[in-house]
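File shown: my_file-v4.txt (compact mmCIF, C-alpha atoms).
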# COMPACT_ATOMS: atom_id res chain seq x y z
CA MET D 1 -4.77 -19.31 -0.16
CA THR D 2 -1.99 -20.43 -2.46
CA GLU D 3 -4.28 -20.99 -5.42
CA VAL D 4 -2.72 -19.93 -8.69
CA ALA D 5 -4.52 -17.52 -11.01
CA PHE D 6 -2.00 -17.42 -13.78
CA GLU D 7 1.08 -19.47 -14.50
CA THR D 8 3.73 -19.41 -17.19
CA GLN D 9 6.65 -21.69 -17.95
CA ASN D 10 9.65 -20.57 -19.99
CA LEU D 11 7.38 -18.20 -21.82
CA GLY D 12 8.89 -16.29 -24.73
CA LYS D 13 7.58 -13.89 -27.34
CA ARG D 14 9.65 -12.70 -30.27
CA TYR D 15 8.78 -9.86 -32.63
CA ARG D 16 11.03 -10.37 -35.64
CA LYS D 17 14.50 -10.40 -34.07
CA LEU D 18 13.54 -8.88 -30.75
CA TRP D 19 12.51 -10.94 -27.74
CA ALA D 20 9.82 -8.96 -25.89
CA LEU D 21 9.57 -11.72 -23.31
CA LYS D 22 12.12 -14.46 -22.69
CA ASP D 23 12.42 -17.44 -20.32
CA PHE D 24 9.64 -16.10 -18.21
CA SER D 25 8.27 -18.40 -15.54
CA VAL D 26 5.89 -17.20 -12.88
CA ALA D 27 2.96 -18.37 -10.76
CA LEU D 28 0.68 -15.57 -9.61
CA PRO D 29 -1.58 -16.10 -6.58
CA ALA D 30 -5.37 -15.99 -6.97
CA ASN D 31 -7.71 -13.41 -5.41
CA LYS D 32 -4.94 -10.85 -5.03
CA VAL D 33 -4.07 -7.54 -6.57
CA ILE D 34 -0.91 -8.03 -8.57
CA ALA D 35 1.09 -4.92 -9.35
CA LEU D 36 2.85 -5.30 -12.67
CA VAL D 37 5.62 -2.76 -13.11
CA GLY D 38 8.45 -2.24 -15.53
CA ALA D 39 9.91 0.38 -17.83
CA ASN D 40 8.44 0.98 -21.28
CA GLY D 41 9.16 -2.02 -23.45
CA ALA D 42 9.81 -4.32 -20.49
CA GLY D 43 7.16 -6.73 -21.75
CA LYS D 44 4.14 -5.80 -19.61
CA SER D 45 1.64 -5.43 -22.45
CA THR D 46 3.02 -8.48 -24.24
CA LEU D 47 2.56 -10.56 -21.09
CA MET D 48 -1.01 -9.32 -20.62
CA SER D 49 -1.94 -9.95 -24.25
CA ILE D 50 -0.59 -13.50 -24.04
CA ALA D 51 -2.47 -14.11 -20.79
CA ALA D 52 -5.67 -12.84 -22.43
CA GLY D 53 -5.15 -15.23 -25.32
CA ILE D 54 -5.05 -12.56 -28.01
CA LEU D 55 -1.34 -13.00 -28.73
CA PRO D 56 0.23 -16.42 -29.29
CA PRO D 57 3.54 -16.98 -27.48
CA THR D 58 6.60 -17.91 -29.53
CA GLU D 59 7.59 -20.53 -27.00
CA GLY D 60 6.71 -21.82 -23.56
CA GLU D 61 3.41 -22.38 -21.81
CA VAL D 62 0.66 -20.34 -20.17
CA ARG D 63 -2.02 -21.62 -17.84
CA VAL D 64 -4.91 -19.47 -16.75
CA GLY D 65 -7.69 -20.67 -14.46
CA GLY D 66 -11.06 -19.30 -15.55
CA ARG D 67 -12.21 -16.35 -17.61
CA VAL D 68 -9.78 -13.60 -18.49
CA VAL D 69 -10.65 -10.04 -19.43
CA LEU D 70 -8.07 -7.56 -20.65
CA LEU D 71 -8.75 -3.85 -20.49
CA SER D 72 -6.19 -1.71 -22.22
CA GLN D 73 -5.71 2.01 -22.37
CA ASP D 74 -7.61 2.39 -25.67
CA LYS D 75 -11.09 1.49 -24.52
CA PRO D 76 -13.10 -0.85 -26.72
CA LEU D 77 -16.26 1.29 -26.96
CA TYR D 78 -18.48 2.14 -29.91
CA ARG D 79 -18.99 5.89 -30.02
CA SER D 80 -22.56 5.77 -31.34
CA PHE D 81 -23.70 3.09 -28.84
CA SER D 82 -25.44 4.29 -25.73
CA VAL D 83 -24.07 3.03 -22.42
CA ALA D 84 -27.03 0.63 -22.18
CA ASP D 85 -26.26 -0.64 -25.71
CA MET D 86 -22.67 -1.27 -24.67
CA LEU D 87 -23.90 -3.46 -21.80
CA ASN D 88 -26.18 -5.35 -24.21
CA PHE D 89 -23.24 -5.81 -26.50
CA GLY D 90 -21.21 -7.17 -23.60
CA ARG D 91 -24.01 -9.58 -22.72
CA HIS D 92 -24.06 -11.01 -26.25
CA LEU D 93 -20.30 -11.22 -26.50
CA ASN D 94 -19.77 -13.12 -23.27
CA THR D 95 -21.01 -16.54 -22.26
CA VAL D 96 -21.38 -15.34 -18.69
CA TRP D 97 -22.87 -11.95 -17.98
CA ASP D 98 -23.63 -10.23 -14.69
CA GLN D 99 -25.90 -7.30 -15.56
CA PRO D 100 -26.48 -6.17 -11.93
CA ARG D 101 -22.74 -6.00 -11.33
CA ALA D 102 -22.20 -3.86 -14.44
CA LEU D 103 -25.13 -1.60 -13.57
CA SER D 104 -24.07 -1.18 -9.97
CA TRP D 105 -20.59 -0.10 -11.10
CA LEU D 106 -22.11 2.53 -13.42
CA SER D 107 -24.49 3.83 -10.77
CA ARG D 108 -21.65 4.13 -8.25
CA PHE D 109 -20.01 6.61 -10.62
CA ASP D 110 -23.24 8.28 -11.83
CA ILE D 111 -22.84 7.31 -15.49
CA PRO D 112 -26.01 8.10 -17.55
CA LEU D 113 -27.17 4.92 -19.30
CA ASP D 114 -28.85 6.67 -22.26
CA ARG D 115 -25.86 8.81 -23.31
CA PRO D 116 -23.88 7.72 -26.41
CA CYS D 117 -20.39 6.59 -25.43
CA GLY D 118 -18.87 9.17 -27.81
CA LYS D 119 -20.47 11.97 -25.79
CA LEU D 120 -18.98 10.84 -22.48
CA SER D 121 -15.83 12.28 -20.95
CA GLY D 122 -12.65 10.20 -21.07
CA GLY D 123 -13.08 9.33 -17.41
CA GLN D 124 -16.70 8.24 -17.92
CA GLN D 125 -15.68 6.09 -20.89
CA THR D 126 -13.19 4.36 -18.61
CA GLN D 127 -16.04 3.60 -16.20
CA VAL D 128 -18.17 2.10 -18.99
CA ALA D 129 -15.26 -0.07 -20.13
CA MET D 130 -14.73 -1.15 -16.50
CA ALA D 131 -18.45 -1.99 -16.13
CA VAL D 132 -18.37 -4.14 -19.28
CA ALA D 133 -15.18 -5.84 -18.08
CA LEU D 134 -16.64 -6.61 -14.64
CA GLY D 135 -19.97 -7.72 -16.13
CA ALA D 136 -18.14 -10.54 -17.89
CA ARG D 137 -17.37 -11.91 -14.40
CA PRO D 138 -13.68 -12.54 -15.08
CA SER D 139 -11.64 -14.56 -12.63
CA LEU D 140 -8.60 -12.72 -13.93
CA LEU D 141 -8.90 -9.03 -14.82
CA LEU D 142 -5.91 -7.57 -16.62
CA LEU D 143 -5.72 -3.79 -16.48
CA ASP D 144 -3.12 -2.32 -18.79
CA GLU D 145 -2.87 1.28 -17.57
CA PRO D 146 -6.60 1.82 -18.02
CA LEU D 147 -6.80 4.45 -15.29
CA ALA D 148 -4.27 6.71 -16.99
CA ASN D 149 -6.82 9.29 -18.13
CA LEU D 150 -8.68 9.56 -14.83
CA ASP D 151 -8.10 12.50 -12.51
CA PRO D 152 -6.45 11.66 -9.17
CA VAL D 153 -9.74 11.66 -7.25
CA ALA D 154 -11.44 9.33 -9.73
CA ARG D 155 -8.38 7.08 -9.80
CA ARG D 156 -8.58 6.69 -6.06
CA GLU D 157 -12.32 5.96 -6.19
CA VAL D 158 -12.00 3.43 -8.99
CA THR D 159 -9.07 1.73 -7.27
CA GLY D 160 -11.07 1.60 -4.04
CA GLU D 161 -14.15 0.09 -5.72
CA LEU D 162 -11.97 -2.35 -7.63
CA LEU D 163 -10.30 -3.51 -4.41
CA GLY D 164 -13.79 -3.90 -2.97
CA GLU D 165 -14.66 -6.23 -5.85
CA VAL D 166 -11.52 -8.27 -5.11
CA ALA D 167 -12.48 -8.45 -1.43
CA ASP D 168 -16.04 -9.58 -2.27
CA SER D 169 -15.26 -12.22 -4.89
CA ASP D 170 -12.53 -14.56 -6.10
CA LEU D 171 -11.37 -11.98 -8.64
CA THR D 172 -7.64 -11.60 -9.32
CA VAL D 173 -6.53 -8.24 -10.71
CA VAL D 174 -3.28 -7.59 -12.53
CA LEU D 175 -2.71 -3.87 -12.51
CA SER D 176 -0.04 -2.41 -14.72
CA THR D 177 0.92 1.16 -13.98
CA HIS D 178 3.63 3.75 -14.23
CA VAL D 179 2.44 5.56 -11.13
CA VAL D 180 4.37 3.48 -8.64
CA ALA D 181 3.59 5.73 -5.68
CA GLU D 182 -0.11 4.88 -6.00
CA LEU D 183 0.57 1.19 -5.53
CA ALA D 184 1.35 1.44 -1.82
CA GLY D 185 -1.26 -0.58 0.05
CA VAL D 186 -2.96 -1.48 -3.24
CA GLY D 187 -0.80 -4.31 -4.59
CA ASP D 188 -0.66 -7.57 -2.61
CA HIS D 189 1.90 -9.04 -4.94
CA LEU D 190 4.62 -7.40 -6.99
CA LEU D 191 5.81 -8.56 -10.39
CA LEU D 192 8.61 -6.48 -11.84
CA LEU D 193 9.68 -6.99 -15.44
CA ARG D 194 12.98 -5.82 -16.83
CA GLY D 195 14.04 -6.36 -20.41
CA GLY D 196 11.47 -9.09 -21.01
CA ARG D 197 12.41 -11.07 -17.91
CA GLY D 198 11.11 -11.30 -14.37
CA ALA D 199 13.36 -9.24 -12.10
CA LEU D 200 11.34 -9.43 -8.89
CA ASP D 201 8.29 -11.45 -7.96
CA GLY D 202 6.74 -11.89 -4.53
CA ASP D 203 4.33 -10.89 -1.82
CA VAL D 204 4.72 -7.14 -1.23
CA GLU D 205 4.89 -7.35 2.58
CA GLU D 206 7.44 -10.14 2.35
CA LEU D 207 9.58 -8.24 -0.14
CA LEU D 208 9.50 -5.09 2.01
CA SER D 209 10.56 -7.07 5.07
CA GLN D 210 13.50 -8.51 3.14
CA HIS D 211 14.92 -5.24 1.85
CA THR D 212 16.61 -2.41 3.68
CA ARG D 213 18.37 0.82 2.91
CA LEU D 214 21.77 0.95 4.61
CA VAL D 215 23.18 4.42 5.10
CA GLY D 216 26.67 5.03 6.40
CA PRO D 217 30.12 6.43 5.71
CA ARG D 218 31.59 6.02 2.22
CA ALA D 219 32.23 2.33 1.56
CA ASP D 220 32.55 0.04 -1.45
CA GLN D 221 30.54 -2.71 0.15
CA PRO D 222 27.63 -2.65 2.60
CA PRO D 223 28.48 -3.78 6.15
CA VAL D 224 26.27 -6.87 5.88
CA ASP D 225 25.91 -9.86 3.56
CA GLY D 226 23.15 -9.75 1.03
CA GLN D 227 22.29 -8.98 -2.55
CA VAL D 228 23.09 -5.37 -3.35
CA VAL D 229 20.24 -4.06 -5.49
CA GLN D 230 21.43 -0.52 -5.81
CA SER D 231 24.27 1.58 -4.43
CA GLN D 232 24.75 5.32 -4.38
CA HIS D 233 27.80 7.18 -3.23
CA THR D 234 28.68 10.74 -2.38
CA ALA D 235 32.10 11.89 -1.20
CA ARG D 236 31.31 11.02 2.41
CA GLN D 237 28.28 8.81 2.37
CA SER D 238 27.21 5.52 0.86
CA THR D 239 23.67 4.21 0.50
CA PHE D 240 22.89 0.61 -0.37
CA LEU D 241 19.59 -1.03 -1.15
CA VAL D 242 20.20 -4.58 0.01
CA ARG D 243 18.14 -7.74 -0.01
CA THR D 244 18.73 -9.67 3.21
CA LEU D 245 16.64 -12.05 5.28
CA LEU D 246 16.00 -9.60 8.11
CA GLY D 247 15.55 -6.47 6.02
CA PRO D 248 15.29 -3.34 8.19
CA GLU D 249 15.74 -5.52 11.30
CA THR D 250 19.28 -6.40 10.19
CA PRO D 251 21.70 -5.54 13.02
CA VAL D 252 24.35 -3.10 11.83
CA ALA D 253 27.17 -1.47 13.76
CA ALA D 254 27.02 2.32 14.25
CA PRO D 255 27.30 4.66 12.43
CA TRP D 256 25.49 2.51 9.84
CA GLN D 257 21.71 2.65 9.85
CA ALA D 258 19.29 0.08 8.48
CA GLN D 259 16.12 1.81 7.30
CA PRO D 260 12.86 0.36 6.02
CA VAL D 261 12.03 0.90 2.34
CA THR D 262 8.74 1.76 0.66
CA LEU D 263 7.28 -0.10 -2.28
CA GLU D 264 8.29 2.85 -4.46
CA ASP D 265 11.91 2.71 -3.21
CA LEU D 266 11.97 -0.98 -3.97
CA VAL D 267 10.55 -0.67 -7.49
CA LEU D 268 12.75 2.27 -8.42
CA GLY D 269 15.80 0.50 -6.98
CA TYR D 270 15.20 -2.55 -9.14
CA LEU D 271 14.28 -0.53 -12.23
CA ARG D 272 17.45 1.55 -12.01
CA THR D 273 19.70 -1.48 -11.73
CA GLY D 274 20.32 -2.38 -15.32
CA ASN D 275 22.51 -5.40 -14.91
CA ALA D 276 21.79 -7.01 -11.56
CA GLU D 277 22.20 -10.75 -11.41
CA GLY D 278 20.45 -13.18 -9.10
CA GLU D 279 17.14 -12.86 -10.89
CA LEU D 280 14.17 -14.93 -9.93
CA MET T 281 -17.03 6.13 13.74
CA ILE T 282 -13.50 6.88 12.64
CA ALA T 283 -12.64 7.80 9.04
CA PHE T 284 -9.27 6.52 7.89
CA HIS T 285 -6.97 8.11 5.38
CA VAL T 286 -3.83 6.69 3.81
CA ASP T 287 -0.94 8.89 2.79
CA ARG T 288 1.00 7.28 -0.03
CA ALA T 289 3.81 9.83 -0.13
CA GLY T 290 5.32 8.99 3.25
CA SER T 291 7.44 6.03 4.21
CA VAL T 292 4.98 4.65 6.78
CA PRO T 293 3.35 1.47 5.43
CA ALA T 294 -0.40 1.72 4.83
CA TYR T 295 -1.30 -0.82 7.53
CA ALA T 296 0.83 1.02 10.08
CA GLN T 297 -0.97 4.27 9.23
CA LEU T 298 -4.32 2.64 9.98
CA VAL T 299 -2.99 1.32 13.30
CA GLN T 300 -1.61 4.75 14.18
CA GLN T 301 -4.91 6.45 13.39
CA VAL T 302 -6.85 4.13 15.69
CA ARG T 303 -4.32 4.60 18.49
CA GLU T 304 -4.43 8.35 18.05
CA ALA T 305 -8.24 8.41 18.06
CA LEU T 306 -8.15 6.39 21.29
CA ARG T 307 -5.66 8.79 22.87
CA LEU T 308 -7.70 11.81 21.88
CA GLY T 309 -10.91 10.22 23.11
CA LEU T 310 -12.49 10.10 19.64
CA LEU T 311 -12.97 6.36 20.03
CA HIS T 312 -14.32 4.65 23.13
CA PRO T 313 -14.64 1.03 24.16
CA GLY T 314 -17.70 -0.41 22.43
CA ASP T 315 -17.34 1.75 19.31
CA LYS T 316 -17.39 -0.10 16.02
CA LEU T 317 -14.55 0.27 13.55
CA PRO T 318 -15.40 0.54 9.83
CA THR T 319 -15.75 -2.82 8.11
CA VAL T 320 -12.81 -4.11 6.09
CA ARG T 321 -14.81 -3.50 2.90
CA GLU T 322 -15.50 0.11 3.90
CA VAL T 323 -11.83 0.84 4.52
CA VAL T 324 -10.83 -0.93 1.30
CA THR T 325 -13.10 1.23 -0.85
CA SER T 326 -12.70 4.53 1.00
CA CYS T 327 -8.89 4.41 1.28
CA ALA T 328 -8.16 2.31 -1.82
CA VAL T 329 -6.01 -0.19 0.06
CA ASN T 330 -6.24 -3.94 -0.32
CA ALA T 331 -8.10 -6.13 2.15
CA ALA T 332 -4.87 -7.72 3.42
CA THR T 333 -3.64 -4.29 4.55
CA VAL T 334 -6.78 -3.62 6.59
CA LEU T 335 -6.84 -7.14 8.03
CA LYS T 336 -3.19 -6.78 9.05
CA ALA T 337 -3.92 -3.47 10.82
CA TYR T 338 -6.97 -4.88 12.62
CA ARG T 339 -5.06 -7.99 13.62
CA GLU T 340 -2.25 -5.90 15.09
CA LEU T 341 -4.76 -3.80 17.05
CA GLU T 342 -6.39 -6.99 18.26
CA LEU T 343 -3.05 -8.42 19.42
CA SER T 344 -2.34 -5.28 21.41
CA GLY T 345 -5.74 -5.68 23.08
CA LEU T 346 -7.25 -2.48 21.72
CA VAL T 347 -10.00 -3.98 19.58
CA GLU T 348 -11.86 -7.27 19.36
CA ALA T 349 -13.32 -8.97 16.34
CA ARG T 350 -16.85 -10.22 16.98
CA GLN T 351 -17.71 -13.11 14.71
CA GLY T 352 -19.81 -11.83 11.84
CA ALA T 353 -20.53 -8.51 13.57
CA GLY T 354 -17.39 -6.49 12.91
CA THR T 355 -14.52 -5.08 14.92
CA TYR T 356 -15.12 -3.20 18.13
CA VAL T 357 -12.94 -1.07 20.37
CA SER T 358 -12.22 -2.91 23.60
CA GLY T 359 -9.29 -1.06 25.12
CA THR T 360 -8.11 2.44 25.91
CA LEU T 361 -4.84 4.31 25.60
CA GLY T 362 -3.39 7.09 27.72
CA GLY T 363 -6.80 7.69 29.29
CA SER T 364 -5.88 5.22 32.03
CA ALA T 365 -3.30 7.62 33.49
CA ASP T 366 -4.30 9.66 36.52
CA PRO T 367 -5.72 12.99 35.23
CA ALA T 368 -3.85 14.96 37.89
CA ALA T 369 -0.58 13.34 36.84
CA MET T 370 -1.42 14.10 33.20
CA ASP T 371 -2.02 17.77 34.03
CA GLU T 372 1.22 17.90 35.93
CA LEU T 373 3.17 16.34 33.04
CA ARG T 374 1.51 18.67 30.58
CA GLY T 375 2.41 21.72 32.67
CA ARG T 376 6.04 20.68 32.89
CA LEU T 377 6.16 19.96 29.17
CA ARG T 378 4.69 23.37 28.46
CA SER T 379 7.38 25.10 30.49
CA TRP T 380 10.01 22.88 28.84
CA VAL T 381 8.73 23.94 25.42
CA GLY T 382 8.96 27.57 26.56
CA ASP T 383 12.60 27.05 27.59
CA ALA T 384 13.34 25.32 24.28
CA ARG T 385 11.85 28.19 22.25
CA HIS T 386 13.83 30.61 24.36
CA ALA T 387 16.97 28.62 23.50
CA GLY T 388 16.15 29.06 19.80
CA LEU T 389 14.72 25.61 18.99
CA GLU T 390 12.07 25.30 16.30
CA ASP T 391 9.12 22.90 16.56
CA ASP T 392 10.87 20.34 14.37
CA ASP T 393 14.02 20.55 16.50
CA MET T 394 11.95 19.77 19.58
CA ARG T 395 10.22 16.85 17.88
CA ALA T 396 13.61 15.45 16.85
CA LEU T 397 14.88 15.86 20.41
CA VAL T 398 11.86 14.10 21.90
CA THR T 399 12.14 11.28 19.38
CA SER T 400 15.83 10.80 20.13
CA VAL T 401 15.23 10.79 23.91
CA LEU T 402 12.37 8.30 23.49
CA ALA T 403 14.71 6.09 21.48
CA GLU T 404 17.27 6.00 24.29
CA PRO T 405 17.34 2.80 26.34
CA PRO T 406 15.25 3.29 29.51
CA GLY T 407 18.18 2.49 31.85
CA GLU T 408 18.42 3.47 35.49
CA LEU T 409 17.12 6.79 36.69
CA SER T 410 19.78 9.11 37.98
CA ALA T 411 19.69 10.08 41.66
CA GLU T 412 18.51 13.53 40.62
CA GLN T 413 15.64 12.10 38.52
CA ARG T 414 14.61 9.82 41.38
CA ALA T 415 14.49 12.77 43.74
CA ALA T 416 12.48 14.78 41.21
CA ARG T 417 10.05 11.91 40.74
CA ALA T 418 9.55 11.48 44.50
CA GLU T 419 8.96 15.21 44.77
CA THR T 420 6.37 15.06 41.97
CA GLU T 421 4.55 12.19 43.62
CA ARG T 422 4.40 14.12 46.88
CA THR T 423 3.03 17.26 45.22
CA THR T 424 0.49 15.30 43.18
CA GLN T 425 -0.79 13.74 46.40
CA THR T 426 -0.96 17.00 48.29
CA THR T 427 -2.62 18.88 45.45
CA GLN T 428 -5.32 16.27 45.04
CA GLY T 429 -8.76 17.76 45.38
CA ARG T 430 -7.48 21.20 44.52
CA PRO T 431 -7.57 22.52 40.96
CA SER T 432 -4.34 21.64 39.24
CA ALA T 433 -1.95 24.23 37.94
CA GLY T 434 -3.29 25.92 34.82
CA PRO T 435 -1.32 27.44 31.99
CA ARG T 436 1.19 30.05 32.98

Is it possible to express this structure as structure tokens?
Amino acid sequence: MTEVAFETQNLGKRYRKLWALKDFSVALPANKVIALVGANGAGKSTLMSIAAGILPPTEGEVRVGGRVVLLSQDKPLYRSFSVADMLNFGRHLNTVWDQPRALSWLSRFDIPLDRPCGKLSGGQQTQVAMAVALGARPSLLLLDEPLANLDPVARREVTGELLGEVADSDLTVVLSTHVVAELAGVGDHLLLLRGGRGALDGDVEELLSQHTRLVGPRADQPPVDGQVVQSQHTARQSTFLVRTLLGPETPVAAPWQAQPVTLEDLVLGYLRTGNAEGEL
Amino acid sequence: MIAFHVDRAGSVPAYAQLVQQVREALRLGLLHPGDKLPTVREVVTSCAVNAATVLKAYRELELSGLVEARQGAGTYVSGTLGGSADPAAMDELRGRLRSWVGDARHAGLEDDDMRALVTSVLAEPPGELSAEQRAARAETERTTQTTQGRPSAGPR
């Protein structure tokens, strides 16, 4: 269960003077869906490119178990190739190729095999790119916002089928997205990057059970011990997002209330805090 | 067979939504003992939630004795909810709730006000019944017994 799909140690990547990733150490669990979130420029794409082996790190180490496939937002398709040609191309490019898996993905979404890729809609092109990616039988599939141009219904369907693939095999998926609300129930594990560093990393259920929103009368400090992630104040009321062992089960004296948080609350809380210490 | 849906906008965790939907289907009689729940894979693809979420929901239902996992065959409903209460008592409670709702509307409460009131009363510690409540309960039990066999009170 605690197998590691992807591990880094003091990883750093510098573009000229700017460190896109710095002192980044993480061990991501295998056969899970890992939600990778962070603001623009937080280092998500850099991390994925390094994991896929297409970008050399400036310092530190990366270890990946098995085959890695990276699918980015600009899909690697040849416009004049038919869908069937694209699969052939994938077969020749990869040492391992699972044609039935690629075909079954395409048939699930009714993609015509004889149509040139250039004549397909943006959503259909995404499905072809996904089919080629899955056909390569990766053990680690890195998705860098590839679902961005799908309509909400198709996004849900693709996410569902993708989670089905994770359930059926030993596939690990790293899913980077800006649509945090869609991650609820999807991500098993959360990795939050901020300014090129890991700001939060852990099992989603565990993280949710260790955070709570405390609402009460105006106060400078929350009524319990714990790491204050975010605080908001109005004239009469204070709200704290706090990391404590008991999370929403933390006993607080009235009129304070300890409320559970959603994954979205958690992510937004950490993204809004610019300068929090106590990083992982 | 029950079809699940997961609402991502609310604050209820996905696994808890699945649990709630099974409990509700049991209460409404949409699920009966012996019915099969969708497989984990089916829920994963139809609702786009990860397998751990579905497994957690099914495990919780299993712990509360509502479903049982049969090795290699799937998850089956094994318990009931609400349906175990005496139908006459249910009718009686429903009638009193209906008249209570009438009073509440008369007093100017909206549906949401009533829901909030019910939630807050449910959240109160059970505590001792007051003498008045005990008397009312004894009275109810007497009437339920005497009205047995006769059609119960319909809507006003």

Which residues of chain T come within 8 Å of chain D, and what is each one's closest atom pair and distance in Å (one decimal), counting only C-alpha atoms, sorted by chain and residue number, as a Markdown table?
| residue | atom | partner | partner_atom | distance |
| --- | --- | --- | --- | --- |
| T:Arg288 | CA | D:Ala184 | CA | 6.1 |
| T:Ala289 | CA | D:Ala181 | CA | 6.9 |
| T:Ser291 | CA | D:Thr262 | CA | 5.7 |
| T:Val292 | CA | D:Thr262 | CA | 7.7 |
| T:Pro293 | CA | D:Thr262 | CA | 7.2 |
| T:Ala294 | CA | D:Gly185 | CA | 5.4 |
| T:Tyr295 | CA | D:Gly185 | CA | 7.5 |
| T:Arg321 | CA | D:Gly164 | CA | 6.0 |
| T:Val324 | CA | D:Gly160 | CA | 5.9 |
| T:Thr325 | CA | D:Gly160 | CA | 3.8 |
| T:Ser326 | CA | D:Gly160 | CA | 6.1 |
| T:Cys327 | CA | D:Gly160 | CA | 6.4 |
| T:Ala328 | CA | D:Gly160 | CA | 3.7 |
| T:Val329 | CA | D:Val186 | CA | 4.7 |
| T:Asn330 | CA | D:Val186 | CA | 5.0 |
| T:Ala331 | CA | D:Ala167 | CA | 6.1 |
| T:Ala332 | CA | D:Asp188 | CA | 7.4 |
| T:Thr333 | CA | D:Gly185 | CA | 6.3 |

Exercise: segment 13-17 of chain D partners within 9 Å, only C-alpha atoms, chain neighbours under 3 positions left out, as a list in words: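 Returned residues: Ala20, Leu21, Lys22, Thr46, Leu47, Ile50, Pro56, Pro57, Thr58, Glu59, Gly60 and Gly196 of chain D.
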
How would the residues just picked look written out with C-alpha atoms as a short mmCIF file (atom, residue, chain, number, x, y, z; two decimals), in the frame of the given file?
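Okay, this is what ended up in part-v3.cif:
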data_model
loop_
_atom_site.label_atom_id
_atom_site.label_comp_id
_atom_site.auth_asym_id
_atom_site.auth_seq_id
_atom_site.Cartn_x
_atom_site.Cartn_y
_atom_site.Cartn_z
CA ALA D 20 9.82 -8.96 -25.89
CA LEU D 21 9.57 -11.72 -23.31
CA LYS D 22 12.12 -14.46 -22.69
CA THR D 46 3.02 -8.48 -24.24
CA LEU D 47 2.56 -10.56 -21.09
CA ILE D 50 -0.59 -13.50 -24.04
CA PRO D 56 0.23 -16.42 -29.29
CA PRO D 57 3.54 -16.98 -27.48
CA THR D 58 6.60 -17.91 -29.53
CA GLU D 59 7.59 -20.53 -27.00
CA GLY D 60 6.71 -21.82 -23.56
CA GLY D 196 11.47 -9.09 -21.01
#

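The interatomic distance for the pair atom CA of Leu246 of chain D and atom CA of Glu342 of chain T works out to 24.7 Å.
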
Residue list as a list of chain:residue names for point (12.6, -6.3, 2.0), cut-off 9 Å, only C-alpha atoms: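 Every polymer residue passing the test: D:Val204, D:Glu205, D:Glu206, D:Leu207, D:Leu208, D:Ser209, D:Gln210, D:His211, D:Thr212, D:Val242, D:Arg243, D:Thr244, D:Leu245, D:Leu246, D:Gly247, D:Pro248, D:Pro260, D:Val261, D:Leu266.
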
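Residues lying within 7 Å of segment 71-74 of chain D, counting only C-alpha atoms and ignoring same-chain neighbours fewer than 2 positions away, are Val69, Pro76, Leu142, Leu143, Asp144, Glu145 and Pro146 of chain D.
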
Gap from atom CA of Arg213 of chain D to atom CA of Gln257 of chain D - Å, one decimal: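 A separation of 7.9 Å between them.
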
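Straight-line separation from atom CA of Leu147 of chain D to atom CA of Val128 of chain D: 12.2 Å.
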
Shell around Leu306 of chain T at 7 Å using all atoms listed in the file, local window under 6 positions removed, as a PyMOL selection string: chain T and resi 312+360-361

Polymer residues at most 6 Å from segment 1-11 of chain D, only C-alpha atoms, same-chain spacing of 2 or more positions, as a PyMOL selection string: chain D and resi 23-30+59-65

Nearest candidate to Asp201 of chain D (options D:Leu70, D:Leu77, D:Leu268, D:Val37; using all atoms listed in the file):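 The answer is D:Val37, which sits nearest to Asp201 of chain D.
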
Please provide as a PDB file with C-alpha atoms, keeping the file's coordinate frame all residues within 7 Å of Asp315 of chain T, with the sequence filter that same-chain residues fewer than 4 positions apart are discarded (counting all atoms listed in the file).
ATOM      1  CA  LEU T 311     -12.970   6.360  20.030  1.00  0.00           C
ATOM      2  CA  TYR T 356     -15.120  -3.200  18.130  1.00  0.00           C
ATOM      3  CA  VAL T 357     -12.940  -1.070  20.370  1.00  0.00           C
TER       4      VAL T 357
END

Nearest residue to Val320 of chain T from the set T:Ala387, T:Leu335, T:Leu377, T:Met394 (distances using all atoms listed in the file): T:Leu335

Among the residues T:Glu404, T:Glu348, T:Asp287, T:Glu340, the one that comes closest to Pro313 of chain T [using all atoms listed in the file]: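 Looking only at the distances to Pro313 of chain T, the closest residue turns out to be T:Glu348.
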